[in-house]
Amino acid sequence: MGTEGELFERRVTRRRALQIAAAAGGTVLLAGRASAADAARLHMGAETGALQVLDWAGYGNDGGQAMFAQYVKQHPHNKPQFTYMTNESDALAKIHAGLKPDLFRPYVGWVEYFATSGLVQPWDTSLIPNFKHLNPFMVKAGQYGGKQYGIPDDWGFDAILYRSDKVKPKSNSWGLLYDERYKGKIAWYDDPVENLTIAGLLFGFKDPWNQTDAELAQSQKFLISKKHLVRTIWASETDLDQQFASGDIWIALAWPNDWVQMRAKKFPVIYMHPSVGKQKPIAWVGMFMLLQGTPRPHLAHAYVNAWSSAKSAKWLEDNYGYGHANTLARPSSSDLLRALQLTNPRAVTLPNAYLDRNVPRRALYAKLWEEVKAA
Amino acid sequence: MLALFSGPHGFTLSAWHDFFHSSIYLGLFWKSVKMSLIVSALVVLAAYPLAYYLALSGTKRKYVLLLVLIAPFLTSYLLRVLAWKVILGDEGVINSFLFWTGLRSSGHPISALLYSRFAVMLVLGYVWLPFVALPIFVSLESLDTRLLEAASDLGASRLQAFRRITLPLSFPGVVAAFLFVFIPTVGEFITPSLVGGTSGYMYGNQIVDLFGTGFPDWETGSVLALFLLGVIAALTAVFSRFLQVRGATG
């Protein structure tokens, strides 16, 4: 972990720098020795404007306020301003297009990609008091080259949600997404990697995240041959929930929150974890990342600290049905506790699930997926 | 030239080669062209009688009716498109009515109404109808009605007068209206993304997706966009000769 000076390429005016230096000097005189927390507070005072957060729908002012309420209370003049992303590829496109968020949230499979991209910088975990409560396995998954590029918070699964009154699966298999009996009632998720990976899992390929050319061709051909069964390819969770609730869709690749939302609306739904043979659900862990050159690094740390608190974690579990990396949190519902296996610190990995991982040939996967959509 | 095409790949026509040898992208293009042609033709057929009535029926309320026709444009485009989801869904207005009347058994809705090519064409037709009616209305309203009176005096039936006078003189308006719909709809991407599902996915969606992801395929995206531009320009050039008013007798 580097020093703060090395970590943050702060863009402050000379005048502002002198003000900070004078304030810091005053603190030293008064207190004898400024702690890291004091220094951080001073820096935060120097950071201005709204904190720019690039995050997923549902995690901003559209329902996720409880997750960062502590931050807003502490920094009422730097409230977060959100831009929404539909997936990491979309976030990357927005950043390339000129968006300048202070922090954003890709998932665990993208840690290596972003850590080596030059777009992000490591966190200073000493500025995140709640960091010590986070699941060590997930914390390790957020590291690259010994540095903490991702702060884990939310986690969950990609699995299959279906209407139990309409759908009778032959087995607990990813094959339900390609079941001819339910033509026109199936939804896939619009992600450049996910669908080819699931096809690879179905075929039992050695490494679905790094398929050979022949395997990729087979996966793509399979998806094209099954696309006629699919009614929609969803990019927004709101769209998926609306399609499910209106009866247009009975089967979908979905997240635990969709299961919670549908249950709240009294729909008979089952969230099926594929388990036939070597099949497993795909697990993900959200990783907050700090953008390189952000002008508000300390505010970003404070924001992530709020997200990482046990109170926020419990709220996330109770209301969204996702797990949280804070090991102190427990949901109110024992159903959810069992479903997410929250007492298992390694619930996101084998033998429970395949943890999402780096995809060395992401661009090729993206190209092939676009062809599937166009076919 | 080298300065213009610097970069890791340099100048290459390989993307064009791939495009012309790709059954996927060309197939998607023809699918979109067919959908747009159908929409444009049907909308012109539907709009012509409307415009004819408004322009030539002699009603005093024609401008009020014209306002009614374009009134939906005072509301949000997204709202109008999303309203169709409520109407066309599996448990929407139409299917619920069919269940209620017993014309369809409950649990067997007409799924092709939404998230389909039909849904895209229906919504596009609805959205573009006023745009089609307006140029036809203008061309019909500027028609010299003395020609119709002369034709009547000379013994022409109303159908003959329409075929030999009204239609040829309003033809530029019809062509303009057709192009008004065809050009934007062939590259349309918002409506298909809202009501098209997988089967209503169009060429415009593919261009957006090729540019708009974190791993953009700019070469293929550019080729698709330029090809569309070329085709539209050529079609406009061909059709523009029909935009000149010609003699009533042709």
# chains A, B, ... in the order shown; residues from 1 in each chain; ligands from 1
call {"tool": "closest_atom_pairs", "arguments": {"of": "chain A", "to": "chain B", "cutoff": "6 Å", "atoms": "only C-alpha atoms", "output": "Markdown table"}}
result
| residue | atom | partner | partner_atom | distance |
| --- | --- | --- | --- | --- |
| A:Ser89 | CA | B:Gly214 | CA | 4.0 |
| A:Asp90 | CA | B:Thr213 | CA | 5.3 |
| A:Leu92 | CA | B:Gly214 | CA | 4.6 |
| A:Ala93 | CA | B:Gly214 | CA | 4.2 |
| A:Arg231 | CA | B:Gly197 | CA | 5.5 |
| A:Thr232 | CA | B:Gly197 | CA | 4.3 |
| A:Asp248 | CA | B:Asp90 | CA | 5.5 |
| A:Ala363 | CA | B:Phe215 | CA | 5.5 |
| A:Ala375 | CA | B:Ile24 | CA | 5.1 |
call {"tool": "residues_around", "arguments": {"residues": "B:Leu42", "least_positions_apart": "5", "cutoff": "10 Å", "atoms": "only C-alpha atoms", "output": "number ranges by chain"}}
result
B: 36-37, 47, 121-122, 125, 129, 178
call {"tool": "write_last_selection", "arguments": {"atoms": "C-alpha atoms", "output": "CSV table (one decimal), in the first residue's frame"}}
result
chain,number,residue,atom,x,y,z
B,36,SER,CA,-39.4,-0.6,-43.2
B,37,LEU,CA,-40.8,-1.1,-46.6
B,47,ALA,CA,-52.7,8.0,-44.4
B,121,MET,CA,-44.0,-2.4,-37.3
B,122,LEU,CA,-47.2,-1.6,-35.6
B,125,GLY,CA,-46.6,2.8,-38.2
B,129,LEU,CA,-48.7,8.1,-39.5
B,178,PHE,CA,-42.9,7.4,-48.1
call {"tool": "atom_distance", "arguments": {"atom1": "atom CA of B:Pro192", "atom2": "atom CA of B:Ser32"}}
result
10.5 Å
call {"tool": "atom_distance", "arguments": {"atom1": "atom CA of A:Ala306", "atom2": "atom CA of A:Asn344"}}
result
23.6 Å
call {"tool": "closest_residue", "arguments": {"among": "A:Ser171, A:Gln65, A:Thr86, A:Thr238", "to": "A:Leu316", "atoms": "only C-alpha atoms"}}
result
A:Gln65
call {"tool": "closest_residue", "arguments": {"among": "A:Asp207, A:Glu112, A:Asp190, A:Glu88", "to": "A:Asn358", "atoms": "only C-alpha atoms"}}
result
A:Glu112
call {"tool": "residues_around", "arguments": {"residues": "B:Gly204", "least_positions_apart": "5", "cutoff": "8 Å", "atoms": "only C-alpha atoms", "output": "ChimeraX atom specification"}}
result
/B:186-189
call {"tool": "residues_around", "arguments": {"residues": "A:Ala329", "least_positions_apart": "6", "cutoff": "6 Å", "atoms": "only C-alpha atoms", "output": "PyMOL selection string"}}
result
chain A and resi 310+313-314
call {"tool": "write_last_selection", "arguments": {"atoms": "N, CA and C atoms", "output": "short mmCIF file (atom, residue, chain, number, x, y, z; two decimals), in the first residue's frame"}}
result
data_model
loop_
_atom_site.label_atom_id
_atom_site.label_comp_id
_atom_site.auth_asym_id
_atom_site.auth_seq_id
_atom_site.Cartn_x
_atom_site.Cartn_y
_atom_site.Cartn_z
N ALA A 310 -22.10 -2.69 8.68
CA ALA A 310 -23.00 -3.82 8.96
C ALA A 310 -24.45 -3.41 8.78
N ALA A 313 -25.19 -3.38 5.15
CA ALA A 313 -25.16 -4.76 4.67
C ALA A 313 -26.47 -5.48 4.98
N LYS A 314 -26.95 -5.30 6.21
CA LYS A 314 -28.21 -5.95 6.60
C LYS A 314 -29.36 -5.42 5.75
#
call {"tool": "select_by_dssp", "arguments": {"residues": "stretch 73-121 of chain A", "states": "strand (DSSP E)", "output": "PyMOL selection string"}}
result
chain A and resi 80-85+103-104+120-121
call {"tool": "closest_residue", "arguments": {"among": "B:Val223, B:Leu154, B:Leu143, B:Leu69", "to": "B:Phe171", "atoms": "only C-alpha atoms"}}
result
B:Leu143
call {"tool": "decode", "arguments": {"residues": "stretch 36-51 of chain B", "atoms": "all heavy atoms", "output": "PDB file, in the first residue's frame"}}
result
ATOM      1  N   SER B  36     -39.127  -1.993 -42.904  1.00  0.00           N
ATOM      2  CA  SER B  36     -39.364  -0.570 -43.174  1.00  0.00           C
ATOM      3  C   SER B  36     -40.237  -0.371 -44.402  1.00  0.00           C
ATOM      4  O   SER B  36     -41.094   0.515 -44.429  1.00  0.00           O
ATOM      5  CB  SER B  36     -38.045   0.162 -43.383  1.00  0.00           C
ATOM      6  OG  SER B  36     -37.362   0.232 -42.179  1.00  0.00           O
ATOM      7  N   LEU B  37     -40.005  -1.202 -45.432  1.00  0.00           N
ATOM      8  CA  LEU B  37     -40.821  -1.091 -46.644  1.00  0.00           C
ATOM      9  C   LEU B  37     -42.287  -1.386 -46.330  1.00  0.00           C
ATOM     10  O   LEU B  37     -43.189  -0.680 -46.787  1.00  0.00           O
ATOM     11  CB  LEU B  37     -40.317  -2.069 -47.722  1.00  0.00           C
ATOM     12  CG  LEU B  37     -39.073  -1.642 -48.497  1.00  0.00           C
ATOM     13  CD1 LEU B  37     -38.622  -2.758 -49.429  1.00  0.00           C
ATOM     14  CD2 LEU B  37     -39.351  -0.368 -49.303  1.00  0.00           C
ATOM     15  N   ILE B  38     -42.496  -2.430 -45.553  1.00  0.00           N
ATOM     16  CA  ILE B  38     -43.877  -2.795 -45.197  1.00  0.00           C
ATOM     17  C   ILE B  38     -44.533  -1.671 -44.408  1.00  0.00           C
ATOM     18  O   ILE B  38     -45.654  -1.256 -44.695  1.00  0.00           O
ATOM     19  CB  ILE B  38     -43.887  -4.126 -44.393  1.00  0.00           C
ATOM     20  CG1 ILE B  38     -43.475  -5.282 -45.300  1.00  0.00           C
ATOM     21  CG2 ILE B  38     -45.268  -4.385 -43.795  1.00  0.00           C
ATOM     22  CD1 ILE B  38     -43.206  -6.578 -44.554  1.00  0.00           C
ATOM     23  N   VAL B  39     -43.791  -1.163 -43.409  1.00  0.00           N
ATOM     24  CA  VAL B  39     -44.341  -0.073 -42.587  1.00  0.00           C
ATOM     25  C   VAL B  39     -44.645   1.139 -43.462  1.00  0.00           C
ATOM     26  O   VAL B  39     -45.748   1.703 -43.411  1.00  0.00           O
ATOM     27  CB  VAL B  39     -43.348   0.322 -41.461  1.00  0.00           C
ATOM     28  CG1 VAL B  39     -43.787   1.603 -40.771  1.00  0.00           C
ATOM     29  CG2 VAL B  39     -43.228  -0.785 -40.446  1.00  0.00           C
ATOM     30  N   SER B  40     -43.686   1.523 -44.304  1.00  0.00           N
ATOM     31  CA  SER B  40     -43.846   2.730 -45.123  1.00  0.00           C
ATOM     32  C   SER B  40     -45.038   2.575 -46.054  1.00  0.00           C
ATOM     33  O   SER B  40     -45.870   3.494 -46.183  1.00  0.00           O
ATOM     34  CB  SER B  40     -42.582   2.998 -45.944  1.00  0.00           C
ATOM     35  OG  SER B  40     -41.461   3.022 -45.101  1.00  0.00           O
ATOM     36  N   ALA B  41     -45.141   1.429 -46.725  1.00  0.00           N
ATOM     37  CA  ALA B  41     -46.230   1.225 -47.682  1.00  0.00           C
ATOM     38  C   ALA B  41     -47.582   1.230 -46.970  1.00  0.00           C
ATOM     39  O   ALA B  41     -48.525   1.897 -47.418  1.00  0.00           O
ATOM     40  CB  ALA B  41     -46.011  -0.106 -48.409  1.00  0.00           C
ATOM     41  N   LEU B  42     -47.675   0.506 -45.865  1.00  0.00           N
ATOM     42  CA  LEU B  42     -48.958   0.421 -45.167  1.00  0.00           C
ATOM     43  C   LEU B  42     -49.370   1.770 -44.587  1.00  0.00           C
ATOM     44  O   LEU B  42     -50.543   2.136 -44.611  1.00  0.00           O
ATOM     45  CB  LEU B  42     -48.900  -0.638 -44.057  1.00  0.00           C
ATOM     46  CG  LEU B  42     -48.817  -2.081 -44.548  1.00  0.00           C
ATOM     47  CD1 LEU B  42     -48.733  -3.050 -43.362  1.00  0.00           C
ATOM     48  CD2 LEU B  42     -50.027  -2.441 -45.406  1.00  0.00           C
ATOM     49  N   VAL B  43     -48.388   2.489 -44.080  1.00  0.00           N
ATOM     50  CA  VAL B  43     -48.710   3.789 -43.480  1.00  0.00           C
ATOM     51  C   VAL B  43     -49.156   4.774 -44.565  1.00  0.00           C
ATOM     52  O   VAL B  43     -50.108   5.536 -44.367  1.00  0.00           O
ATOM     53  CB  VAL B  43     -47.502   4.335 -42.691  1.00  0.00           C
ATOM     54  CG1 VAL B  43     -47.729   5.761 -42.265  1.00  0.00           C
ATOM     55  CG2 VAL B  43     -47.268   3.485 -41.473  1.00  0.00           C
ATOM     56  N   VAL B  44     -48.511   4.729 -45.730  1.00  0.00           N
ATOM     57  CA  VAL B  44     -48.936   5.608 -46.819  1.00  0.00           C
ATOM     58  C   VAL B  44     -50.364   5.241 -47.246  1.00  0.00           C
ATOM     59  O   VAL B  44     -51.216   6.120 -47.449  1.00  0.00           O
ATOM     60  CB  VAL B  44     -47.958   5.500 -48.018  1.00  0.00           C
ATOM     61  CG1 VAL B  44     -48.553   6.133 -49.260  1.00  0.00           C
ATOM     62  CG2 VAL B  44     -46.641   6.182 -47.678  1.00  0.00           C
ATOM     63  N   LEU B  45     -50.634   3.946 -47.340  1.00  0.00           N
ATOM     64  CA  LEU B  45     -51.984   3.500 -47.728  1.00  0.00           C
ATOM     65  C   LEU B  45     -53.029   3.948 -46.697  1.00  0.00           C
ATOM     66  O   LEU B  45     -54.152   4.305 -47.056  1.00  0.00           O
ATOM     67  CB  LEU B  45     -52.023   1.971 -47.857  1.00  0.00           C
ATOM     68  CG  LEU B  45     -51.400   1.396 -49.125  1.00  0.00           C
ATOM     69  CD1 LEU B  45     -51.423  -0.126 -49.090  1.00  0.00           C
ATOM     70  CD2 LEU B  45     -52.160   1.899 -50.362  1.00  0.00           C
ATOM     71  N   ALA B  46     -52.649   3.919 -45.445  1.00  0.00           N
ATOM     72  CA  ALA B  46     -53.595   4.317 -44.400  1.00  0.00           C
ATOM     73  C   ALA B  46     -53.744   5.826 -44.332  1.00  0.00           C
ATOM     74  O   ALA B  46     -54.838   6.345 -44.063  1.00  0.00           O
ATOM     75  CB  ALA B  46     -53.116   3.781 -43.046  1.00  0.00           C
ATOM     76  N   ALA B  47     -52.659   6.535 -44.603  1.00  0.00           N
ATOM     77  CA  ALA B  47     -52.681   7.996 -44.446  1.00  0.00           C
ATOM     78  C   ALA B  47     -53.348   8.701 -45.622  1.00  0.00           C
ATOM     79  O   ALA B  47     -53.917   9.788 -45.454  1.00  0.00           O
ATOM     80  CB  ALA B  47     -51.252   8.519 -44.273  1.00  0.00           C
ATOM     81  N   TYR B  48     -53.276   8.074 -46.787  1.00  0.00           N
ATOM     82  CA  TYR B  48     -53.801   8.760 -47.977  1.00  0.00           C
ATOM     83  C   TYR B  48     -55.300   9.066 -47.856  1.00  0.00           C
ATOM     84  O   TYR B  48     -55.715  10.217 -48.069  1.00  0.00           O
ATOM     85  CB  TYR B  48     -53.518   7.930 -49.229  1.00  0.00           C
ATOM     86  CG  TYR B  48     -53.638   8.747 -50.495  1.00  0.00           C
ATOM     87  CD1 TYR B  48     -52.528   9.348 -51.066  1.00  0.00           C
ATOM     88  CD2 TYR B  48     -54.885   8.964 -51.089  1.00  0.00           C
ATOM     89  CE1 TYR B  48     -52.642  10.133 -52.210  1.00  0.00           C
ATOM     90  CE2 TYR B  48     -55.012   9.753 -52.220  1.00  0.00           C
ATOM     91  CZ  TYR B  48     -53.887  10.326 -52.777  1.00  0.00           C
ATOM     92  OH  TYR B  48     -54.002  11.115 -53.891  1.00  0.00           O
ATOM     93  N   PRO B  49     -56.138   8.090 -47.507  1.00  0.00           N
ATOM     94  CA  PRO B  49     -57.570   8.414 -47.357  1.00  0.00           C
ATOM     95  C   PRO B  49     -57.822   9.476 -46.295  1.00  0.00           C
ATOM     96  O   PRO B  49     -58.693  10.325 -46.465  1.00  0.00           O
ATOM     97  CB  PRO B  49     -58.193   7.074 -46.930  1.00  0.00           C
ATOM     98  CG  PRO B  49     -57.222   6.036 -47.318  1.00  0.00           C
ATOM     99  CD  PRO B  49     -55.881   6.675 -47.256  1.00  0.00           C
ATOM    100  N   LEU B  50     -57.030   9.418 -45.227  1.00  0.00           N
ATOM    101  CA  LEU B  50     -57.167  10.428 -44.168  1.00  0.00           C
ATOM    102  C   LEU B  50     -56.892  11.822 -44.721  1.00  0.00           C
ATOM    103  O   LEU B  50     -57.684  12.753 -44.541  1.00  0.00           O
ATOM    104  CB  LEU B  50     -56.160  10.140 -43.050  1.00  0.00           C
ATOM    105  CG  LEU B  50     -56.581   9.284 -41.872  1.00  0.00           C
ATOM    106  CD1 LEU B  50     -55.368   9.031 -40.973  1.00  0.00           C
ATOM    107  CD2 LEU B  50     -57.660  10.000 -41.080  1.00  0.00           C
ATOM    108  N   ALA B  51     -55.745  11.932 -45.393  1.00  0.00           N
ATOM    109  CA  ALA B  51     -55.346  13.227 -45.952  1.00  0.00           C
ATOM    110  C   ALA B  51     -56.336  13.668 -47.032  1.00  0.00           C
ATOM    111  O   ALA B  51     -56.667  14.859 -47.135  1.00  0.00           O
ATOM    112  CB  ALA B  51     -53.937  13.124 -46.528  1.00  0.00           C
TER     113      ALA B  51
END
